[in-house]
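Content type compact mmCIF, C-alpha atoms, from the file query_30.txt:
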# COMPACT_ATOMS: atom_id res chain seq x y z
CA MET C 1 -16.89 20.41 -4.29
CA THR C 2 -16.69 18.38 -1.12
CA TYR C 3 -18.03 14.84 -1.18
CA LEU C 4 -19.57 13.03 1.75
CA ALA C 5 -19.16 9.45 2.88
CA GLY C 6 -21.74 7.31 1.10
CA GLN C 7 -22.02 9.65 -1.87
CA ARG C 8 -21.82 8.22 -5.41
CA VAL C 9 -18.92 9.66 -7.41
CA ARG C 10 -17.41 9.05 -10.81
CA VAL C 11 -13.69 9.13 -11.55
CA ALA C 12 -13.07 11.55 -14.42
CA ALA C 13 -12.41 9.74 -17.70
CA ARG C 14 -9.93 12.32 -18.96
CA THR C 15 -6.38 11.63 -20.03
CA HIS C 16 -3.54 13.44 -18.32
CA GLU C 17 -0.12 14.11 -19.79
CA GLY C 18 2.58 13.47 -17.21
CA HIS C 19 2.68 12.05 -13.72
CA HIS C 20 -0.63 11.45 -11.98
CA ARG C 21 -1.94 8.98 -9.41
CA THR C 22 -5.31 8.03 -10.89
CA PRO C 23 -5.09 4.46 -12.19
CA ALA C 24 -6.37 3.96 -15.73
CA TYR C 25 -8.60 1.05 -14.70
CA LEU C 26 -10.70 3.38 -12.51
CA LYS C 27 -11.15 6.23 -15.00
CA GLY C 28 -14.80 6.68 -15.88
CA ARG C 29 -15.91 4.25 -13.15
CA THR C 30 -18.54 5.06 -10.57
CA GLY C 31 -18.01 4.29 -6.91
CA ARG C 32 -18.91 5.30 -3.39
CA VAL C 33 -17.05 7.64 -1.06
CA GLU C 34 -15.93 5.68 2.00
CA ARG C 35 -14.04 8.44 3.79
CA LEU C 36 -12.33 11.77 3.36
CA HIS C 37 -8.70 11.32 4.42
CA ALA C 38 -7.10 14.77 4.51
CA PRO C 39 -5.75 17.33 2.09
CA PHE C 40 -2.44 16.39 0.45
CA THR C 41 -0.02 18.07 -1.90
CA ASN C 42 -0.78 17.49 -5.56
CA PRO C 43 1.54 14.86 -7.06
CA GLU C 44 0.87 16.16 -10.57
CA THR C 45 2.75 19.38 -9.88
CA ARG C 46 5.01 18.11 -7.08
CA ALA C 47 6.52 15.63 -9.55
CA TYR C 48 7.93 18.55 -11.52
CA GLY C 49 9.59 20.55 -8.77
CA SER C 50 6.60 22.51 -7.47
CA ASP C 51 5.52 22.58 -3.82
CA GLY C 52 2.29 20.81 -4.86
CA LEU C 53 0.08 23.56 -3.47
CA PRO C 54 -2.83 24.17 -3.22
CA LEU C 55 -3.54 21.06 -1.17
CA GLN C 56 -6.06 18.64 -2.67
CA PRO C 57 -8.47 16.59 -0.55
CA VAL C 58 -8.01 12.83 -0.99
CA TYR C 59 -10.91 10.40 -0.65
CA LEU C 60 -11.04 6.67 -0.14
CA VAL C 61 -13.50 5.52 -2.81
CA SER C 62 -14.83 1.99 -3.24
CA PHE C 63 -16.03 0.31 -6.43
CA ALA C 64 -17.89 -2.93 -7.04
CA HIS C 65 -15.23 -5.32 -8.29
CA GLY C 66 -17.56 -6.60 -10.99
CA ASP C 67 -18.12 -3.05 -12.33
CA VAL C 68 -14.41 -2.38 -12.73
CA LEU C 69 -12.58 -5.63 -13.47
CA PRO C 70 -15.09 -8.43 -13.84
CA SER C 71 -13.50 -11.77 -13.01
CA PRO C 72 -15.19 -15.17 -12.97
CA ALA C 73 -13.83 -15.71 -9.45
CA SER C 74 -15.11 -12.46 -7.96
CA ARG C 75 -18.27 -12.39 -5.86
CA ALA C 76 -20.97 -9.74 -6.03
CA ALA C 77 -19.93 -8.16 -2.72
CA ASP C 78 -16.21 -7.90 -3.57
CA ARG C 79 -14.90 -4.35 -3.86
CA ILE C 80 -11.86 -2.36 -4.90
CA TYR C 81 -10.85 0.57 -2.70
CA ALA C 82 -8.56 3.33 -3.94
CA ASP C 83 -7.46 6.79 -2.89
CA VAL C 84 -8.55 9.44 -5.37
CA PHE C 85 -7.70 13.14 -5.39
CA GLU C 86 -10.75 15.40 -5.36
CA HIS C 87 -10.02 17.04 -8.71
CA TRP C 88 -10.43 13.61 -10.33
CA LEU C 89 -13.92 13.09 -8.91
CA GLU C 90 -17.30 14.11 -10.33
CA GLU C 91 -20.78 13.83 -8.86
CA ALA C 92 -22.62 10.73 -10.05
CA GLU C 93 -26.33 9.97 -10.08
CA MET S 1 33.58 -2.37 -25.94
CA ASN S 2 30.51 -0.72 -27.32
CA ASP S 3 28.41 -2.72 -29.69
CA HIS S 4 26.50 0.20 -31.16
CA ASP S 5 27.46 2.78 -33.74
CA HIS S 6 28.17 6.32 -32.83
CA ASP S 7 31.12 8.62 -32.97
CA HIS S 8 32.97 7.83 -29.77
CA PRO S 9 34.23 4.62 -28.23
CA HIS S 10 33.35 3.69 -24.68
CA GLU S 11 32.93 0.76 -22.36
CA PRO S 12 29.50 -0.89 -22.12
CA ILE S 13 27.05 1.12 -20.01
CA THR S 14 26.51 -1.83 -17.67
CA ASN S 15 29.12 -2.66 -15.11
CA GLY S 16 29.92 -6.34 -14.90
CA ASP S 17 27.10 -8.13 -13.13
CA GLU S 18 25.36 -4.92 -12.11
CA SER S 19 21.78 -4.91 -13.36
CA ALA S 20 20.56 -2.16 -15.68
CA ALA S 21 18.28 -0.85 -12.91
CA ALA S 22 21.16 -0.67 -10.40
CA ALA S 23 23.36 1.12 -12.94
CA ARG S 24 20.58 3.60 -13.61
CA VAL S 25 20.04 4.27 -9.89
CA ARG S 26 23.77 4.73 -9.37
CA ALA S 27 23.94 7.22 -12.26
CA LEU S 28 20.91 9.09 -10.92
CA GLU S 29 22.38 9.24 -7.42
CA GLN S 30 25.66 10.54 -8.88
CA LEU S 31 23.83 13.31 -10.74
CA LEU S 32 21.73 14.32 -7.71
CA VAL S 33 24.85 14.49 -5.56
CA GLU S 34 26.77 16.48 -8.18
CA LYS S 35 23.90 18.96 -8.46
CA GLY S 36 23.72 19.31 -4.68
CA VAL S 37 20.12 18.04 -4.42
CA ILE S 38 21.09 15.30 -1.96
CA GLY S 39 24.24 14.21 -0.19
CA ARG S 40 25.72 10.72 0.04
CA GLU S 41 25.01 10.88 3.76
CA ASP S 42 21.28 11.42 3.11
CA VAL S 43 21.16 8.29 0.97
CA ARG S 44 23.01 6.24 3.57
CA GLU S 45 20.78 7.49 6.39
CA ARG S 46 17.60 6.64 4.49
CA ILE S 47 18.87 3.16 3.64
CA ASP S 48 19.89 2.61 7.28
CA TRP S 49 16.43 3.73 8.41
CA LEU S 50 14.68 1.46 5.93
CA VAL S 51 16.64 -1.68 6.77
CA SER S 52 16.25 -1.01 10.50
CA ARG S 53 12.45 -1.36 10.18
CA SER S 54 10.78 -4.74 10.48
CA PRO S 55 7.32 -6.31 10.61
CA ALA S 56 7.82 -6.74 14.37
CA ASP S 57 6.57 -3.16 14.85
CA GLY S 58 3.36 -3.79 12.93
CA ALA S 59 2.94 -7.06 14.82
CA ARG S 60 3.10 -5.20 18.14
CA LEU S 61 0.22 -2.96 17.00
CA VAL S 62 -1.87 -5.95 15.96
CA ALA S 63 -1.18 -7.95 19.12
CA ARG S 64 -2.10 -4.97 21.30
CA ALA S 65 -5.31 -4.51 19.30
CA TRP S 66 -6.16 -8.20 19.84
CA VAL S 67 -5.87 -7.93 23.62
CA ASP S 68 -7.18 -4.39 24.13
CA PRO S 69 -10.45 -3.46 22.38
CA GLU S 70 -10.08 0.21 23.27
CA PHE S 71 -6.65 0.30 21.72
CA LYS S 72 -8.11 -1.41 18.65
CA SER S 73 -10.68 1.39 18.29
CA ARG S 74 -7.93 3.97 18.52
CA LEU S 75 -5.84 2.02 15.97
CA LEU S 76 -8.79 1.89 13.57
CA GLY S 77 -9.49 5.59 14.14
CA ASP S 78 -5.91 6.84 13.67
CA ALA S 79 -3.17 4.28 13.16
CA ARG S 80 -0.47 6.93 13.17
CA ALA S 81 -1.43 8.13 16.64
CA ALA S 82 -1.78 4.52 17.85
CA ALA S 83 1.75 3.71 16.66
CA LEU S 84 3.12 6.76 18.46
CA GLU S 85 1.25 5.65 21.58
CA LEU S 86 3.29 2.41 21.57
CA GLY S 87 6.49 4.35 20.93
CA LEU S 88 6.69 3.15 17.32
CA ASP S 89 7.72 5.24 14.32
CA PRO S 90 4.69 5.43 11.98
CA GLY S 91 6.83 6.83 9.14
CA PRO S 92 6.60 10.00 7.08
CA SER S 93 3.03 9.60 5.82
CA PRO S 94 0.63 11.96 7.63
CA VAL S 95 -2.17 9.40 7.36
CA VAL S 96 -1.79 5.71 8.25
CA VAL S 97 -4.94 3.60 8.11
CA ALA S 98 -5.48 0.22 9.77
CA LEU S 99 -8.10 -2.08 8.23
CA GLU S 100 -9.64 -4.91 10.23
CA ASN S 101 -10.15 -8.36 8.76
CA THR S 102 -13.09 -10.27 10.20
CA ASP S 103 -15.15 -13.36 9.41
CA ALA S 104 -17.14 -11.20 6.98
CA VAL S 105 -14.54 -8.91 5.36
CA HIS S 106 -11.02 -9.60 4.07
CA HIS S 107 -8.76 -6.68 3.07
CA MET S 108 -5.63 -7.05 0.97
CA VAL S 109 -3.31 -4.19 0.02
CA VAL S 110 -1.59 -3.47 -3.30
CA CYS S 111 -0.04 -0.47 -5.00
CA THR S 112 -0.87 -0.84 -8.69
CA LEU S 113 1.03 2.34 -9.63
CA CYS S 114 4.34 1.60 -7.86
CA SER S 115 5.12 -0.02 -4.51
CA CYS S 116 3.62 2.17 -1.76
CA TYR S 117 3.87 0.20 1.48
CA PRO S 118 3.89 1.01 5.21
CA ARG S 119 7.68 0.63 5.36
CA ALA S 120 8.01 2.23 8.79
CA LEU S 121 5.82 -0.46 10.37
CA LEU S 122 6.59 -3.45 8.12
CA GLY S 123 10.12 -2.87 6.85
CA PRO S 124 11.07 -3.06 3.16
CA PRO S 125 8.38 -4.58 0.93
CA PRO S 126 8.97 -8.12 -0.36
CA ASP S 127 9.95 -8.47 -4.03
CA TRP S 128 6.60 -10.01 -4.96
CA TYR S 129 4.77 -6.92 -3.65
CA LYS S 130 6.70 -4.79 -6.16
CA SER S 131 6.33 -7.27 -9.03
CA LEU S 132 4.12 -6.48 -12.02
CA PRO S 133 2.15 -9.75 -11.77
CA TYR S 134 1.10 -9.05 -8.15
CA ARG S 135 0.29 -5.42 -8.89
CA ALA S 136 -1.90 -6.36 -11.86
CA ARG S 137 -3.51 -9.53 -10.55
CA ALA S 138 -4.27 -8.29 -7.04
CA VAL S 139 -6.91 -6.04 -8.59
CA SER S 140 -7.97 -8.14 -11.59
CA ASP S 141 -8.21 -11.49 -9.77
CA PRO S 142 -7.90 -10.95 -6.02
CA ARG S 143 -9.45 -14.27 -5.06
CA GLY S 144 -7.10 -16.11 -7.41
CA VAL S 145 -4.09 -14.36 -5.85
CA LEU S 146 -5.31 -15.08 -2.32
CA ASP S 147 -5.80 -18.71 -3.27
CA GLU S 148 -2.19 -18.89 -4.52
CA PHE S 149 -1.02 -17.42 -1.22
CA GLY S 150 -2.98 -20.15 0.56
CA VAL S 151 -5.81 -17.99 1.87
CA GLU S 152 -9.10 -19.86 1.67
CA LEU S 153 -12.13 -17.62 1.84
CA GLY S 154 -15.78 -18.56 1.72
CA ASP S 155 -18.08 -17.09 -0.91
CA ASP S 156 -19.80 -15.12 1.84
CA VAL S 157 -16.64 -13.18 2.72
CA GLU S 158 -16.39 -9.74 1.10
CA VAL S 159 -12.94 -9.22 -0.45
CA ARG S 160 -11.72 -5.64 -0.41
CA VAL S 161 -8.63 -4.92 -2.47
CA VAL S 162 -7.11 -1.65 -1.31
CA ASP S 163 -5.09 0.07 -4.03
CA SER S 164 -2.66 2.39 -2.27
CA THR S 165 -2.71 5.12 -4.92
CA ALA S 166 -1.84 8.18 -2.82
CA ASP S 167 0.16 9.17 0.27
CA ILE S 168 -1.92 7.17 2.72
CA ARG S 169 -0.35 3.95 4.04
CA TYR S 170 -2.45 0.88 4.86
CA LEU S 171 -1.91 -1.84 7.43
CA VAL S 172 -4.19 -4.86 7.76
CA ILE S 173 -5.20 -6.10 11.22
CA PRO S 174 -5.69 -9.82 10.61
CA ALA S 175 -8.34 -11.72 12.56
CA ARG S 176 -7.08 -13.25 15.80
CA PRO S 177 -6.69 -17.02 15.41
CA ALA S 178 -8.90 -19.30 17.46
CA ARG S 179 -7.58 -20.97 20.62
CA THR S 180 -5.19 -18.13 21.48
CA GLU S 181 -7.08 -16.90 24.56
CA ALA S 182 -4.33 -18.00 26.95
CA MET S 183 -1.49 -16.39 25.00
CA SER S 184 0.36 -13.30 26.17
CA GLU S 185 0.64 -10.19 24.02
CA ASP S 186 4.24 -11.07 23.08
CA GLU S 187 3.25 -14.61 22.17
CA LEU S 188 0.42 -13.25 20.04
CA ALA S 189 2.78 -10.84 18.26
CA ALA S 190 4.83 -13.85 17.12
CA LEU S 191 1.78 -15.10 15.20
CA VAL S 192 1.45 -11.89 13.19
CA THR S 193 3.41 -12.26 9.97
CA ARG S 194 4.32 -9.55 7.49
CA ASP S 195 2.10 -11.12 4.84
CA SER S 196 -0.88 -11.21 7.21
CA MET S 197 -0.54 -7.43 7.61
CA VAL S 198 -0.58 -7.01 3.81
CA GLY S 199 -3.68 -9.21 3.76
CA VAL S 200 -2.30 -12.08 1.66
CA ALA S 201 -2.03 -14.55 4.54
CA GLN S 202 -3.71 -15.47 7.78
CA PRO S 203 -1.69 -15.22 10.98
CA VAL S 204 0.23 -18.28 12.07
CA THR S 205 -1.89 -20.65 14.14
CA PRO S 206 -0.44 -21.57 17.55
CA SER S 207 -0.15 -25.26 16.60
CA ALA S 208 2.06 -24.30 13.64
CA LEU S 209 4.65 -22.61 15.85
CA PRO S 210 7.91 -24.47 16.41
CA ALA S 211 7.87 -26.11 19.85

Whole structure given in structure tokens:
Amino acid sequence: MTYLAGQRVRVAARTHEGHHRTPAYLKGRTGRVERLHAPFTNPETRAYGSDGLPLQPVYLVSFAHGDVLPSPASRAADRIYADVFEHWLEEAE
Amino acid sequence: MNDHDHDHPHEPITNGDESAAAARVRALEQLLVEKGVIGREDVRERIDWLVSRSPADGARLVARAWVDPEFKSRLLGDARAAALELGLDPGPSPVVVALENTDAVHHMVVCTLCSCYPRALLGPPPDWYKSLPYRARAVSDPRGVLDEFGVELGDDVEVRVVDSTADIRYLVIPARPARTEAMSEDELAALVTRDSMVGVAQPVTPSALPA
């Protein structure tokens, strides 16, 4: 599944035993694809001695700050951007 | 001597004033060397490389972008290629992204999971960048953190916190200060601080420079 810039995506809410690079505060959150970076080796297998193949596309995804970590100081337009590996993304409405 | 109970005596695991983290790293290095995974020379070379880097390289990229709009477009399109164009070492990451701060948008960079940082262009990260409070609060209360760093932003500015969660490295291009039209590229580079390229400070203003 390839996602396009502007598309709404949700970060999978699943747990993962072992090393992974999906921060807990973004799991289950819905955001917007800002750009597709490139395919990278998978840190979840690379951390345990594998070559990390097959490569996984990595996307820059943005989230409304208020949807993720509401703070009295944050403004409606403020956003959090994070890099998310494709296998952690799902299509969102 | 040991202050815990098991069946052999030994000296304390720590070594004088050495911190627990340093002792752990030393033990890990020893094991990796013994197992032939790395050599002492590899460790020394990497440390030499890291300490040879400085924010002056990032500042050169920013100053060039301030004086040359076409270079700025190339920097925003592919910061790795733009660094190579100036003869700079962009580092091992295959993707380096430059983010432009403007009157309307302010980017700040954090790595909530560890301490990912564009070391090739900025040198070693400052201790606060690696600290748990910065890593947590940069995402939970970015405006509060920026305020503590002395960055005053209007309510109409969009704050974008960029959490560097993968292999991509991010460099902020701060907005060029006012009243710098007459300055040369080298003079401009002196205004570009490390913190301004992480997005937690504005560049130095010319009047604040030592005479």

Give one line per residue of chain S that approaches chain C to at most 7 Å, naming the two atoms of the closest pair and their distance in Å to one decimal, counting only C-alpha atoms; sort by chain then ascending residue number and deliver it as JSON lines.
{"residue": "S:Leu113", "atom": "CA", "partner": "C:Pro23", "partner_atom": "CA", "distance": 7.0}
{"residue": "S:Ser140", "atom": "CA", "partner": "C:Leu69", "partner_atom": "CA", "distance": 5.6}
{"residue": "S:Asp141", "atom": "CA", "partner": "C:Ser71", "partner_atom": "CA", "distance": 6.2}
{"residue": "S:Arg143", "atom": "CA", "partner": "C:Ala73", "partner_atom": "CA", "distance": 6.4}
{"residue": "S:Asp155", "atom": "CA", "partner": "C:Arg75", "partner_atom": "CA", "distance": 6.8}
{"residue": "S:Glu158", "atom": "CA", "partner": "C:Asp78", "partner_atom": "CA", "distance": 5.0}
{"residue": "S:Val159", "atom": "CA", "partner": "C:Asp78", "partner_atom": "CA", "distance": 4.7}
{"residue": "S:Arg160", "atom": "CA", "partner": "C:Arg79", "partner_atom": "CA", "distance": 4.9}
{"residue": "S:Val161", "atom": "CA", "partner": "C:Ile80", "partner_atom": "CA", "distance": 4.8}
{"residue": "S:Val162", "atom": "CA", "partner": "C:Tyr81", "partner_atom": "CA", "distance": 4.6}
{"residue": "S:Asp163", "atom": "CA", "partner": "C:Ala82", "partner_atom": "CA", "distance": 4.8}
{"residue": "S:Ser164", "atom": "CA", "partner": "C:Ala82", "partner_atom": "CA", "distance": 6.2}
{"residue": "S:Thr165", "atom": "CA", "partner": "C:Asp83", "partner_atom": "CA", "distance": 5.4}
{"residue": "S:Ala166", "atom": "CA", "partner": "C:Asp83", "partner_atom": "CA", "distance": 5.8}

Nearest to Val51 of chain S, chosen from S:Leu122, S:Ala138, S:Ala190, S:Cys111, with all atoms listed in the file counted in the distances: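 So, comparing all the options, the nearest one is S:Leu122.
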
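The smallest atom-to-atom distance between Val97 of chain S and any of C:Thr30, C:Val11, C:Arg35, C:Gly6, using only C-alpha atoms, is found for C:Arg35.
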
Go ahead and find all residues with at least one atom no further than 7 Å from (-2.6, -9.8, 8.3) in the file's coordinates, using all atoms listed in the file; report them as a list in words. Val172, Ile173, Pro174, Val192, Thr193, Arg194, Asp195, Ser196, Met197, Val198, Gly199, Ala201, Gln202 and Pro203 of chain S

Computed interatomic separation between atom CA of Cys116 of chain S and atom CA of Pro39 of chain C (Å): 18.2 Å

Name the residues in contact with Ala92 of chain C at a cut-off of 6 Å, using all atoms listed in the file, excluding same-chain residues fewer than 2 positions from it; report them as an MDAnalysis selection string. chainID C and resid 8:10

I'd like to know which of C:Met1, C:Ala47, C:Leu89, C:Ala12 is closest to Val33 of chain C, using all atoms listed in the file.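 Selected residue with least distance to Val33 of chain C: C:Leu89.
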
Enter the distance from atom CA of Glu45 of chain S to atom CA of Val109 of chain S, in Å, rounded to one decimal.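 Separation between atom CA of Glu45 of chain S and atom CA of Val109 of chain S: 27.5 Å.
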
Could you tell me how far atom CA of Val25 of chain S sits from atom CA of His8 of chain S, in Å to one decimal place?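 Computing the Euclidean distance for atom CA of His8 of chain S and atom CA of Val25 of chain S yields 24.0 Å.
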
Among the residues C:Ala5, C:Trp88, C:Gln56, C:Glu17, the one that comes closest to Leu36 of chain C [using all atoms listed in the file]: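 Ranked by minimum distance to Leu36 of chain C, first place goes to C:Ala5.
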
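By chain and then residue number, the residues within 12 Å of Asp103 of chain S are Glu100, His106, His107, Glu152, Leu153, Gly154, Asp155, Asp156, Val157, Glu158, Val159, Pro174, Ala175, Arg176, Pro177, Ala178 and Gln202 of chain S, counting only C-alpha atoms and disregarding those fewer than 3 positions away in sequence.
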
Would you save the residues of that selection, restricted to C-alpha atoms, as a short mmCIF file (atom, residue, chain, number, x, y, z; two decimals), in the frame of the given file?
data_model
loop_
_atom_site.label_atom_id
_atom_site.label_comp_id
_atom_site.auth_asym_id
_atom_site.auth_seq_id
_atom_site.Cartn_x
_atom_site.Cartn_y
_atom_site.Cartn_z
CA GLU S 100 -9.64 -4.91 10.23
CA HIS S 106 -11.02 -9.60 4.07
CA HIS S 107 -8.76 -6.68 3.07
CA GLU S 152 -9.10 -19.86 1.67
CA LEU S 153 -12.13 -17.62 1.84
CA GLY S 154 -15.78 -18.56 1.72
CA ASP S 155 -18.08 -17.09 -0.91
CA ASP S 156 -19.80 -15.12 1.84
CA VAL S 157 -16.64 -13.18 2.72
CA GLU S 158 -16.39 -9.74 1.10
CA VAL S 159 -12.94 -9.22 -0.45
CA PRO S 174 -5.69 -9.82 10.61
CA ALA S 175 -8.34 -11.72 12.56
CA ARG S 176 -7.08 -13.25 15.80
CA PRO S 177 -6.69 -17.02 15.41
CA ALA S 178 -8.90 -19.30 17.46
CA GLN S 202 -3.71 -15.47 7.78
#

Of the residues S:Lys130, S:Arg26, S:Ala20, S:Pro206, which is the one nearest to Ala182 of chain S, using all atoms listed in the file?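 Using all atoms listed in the file, Ala182 of chain S sits closest to S:Pro206.
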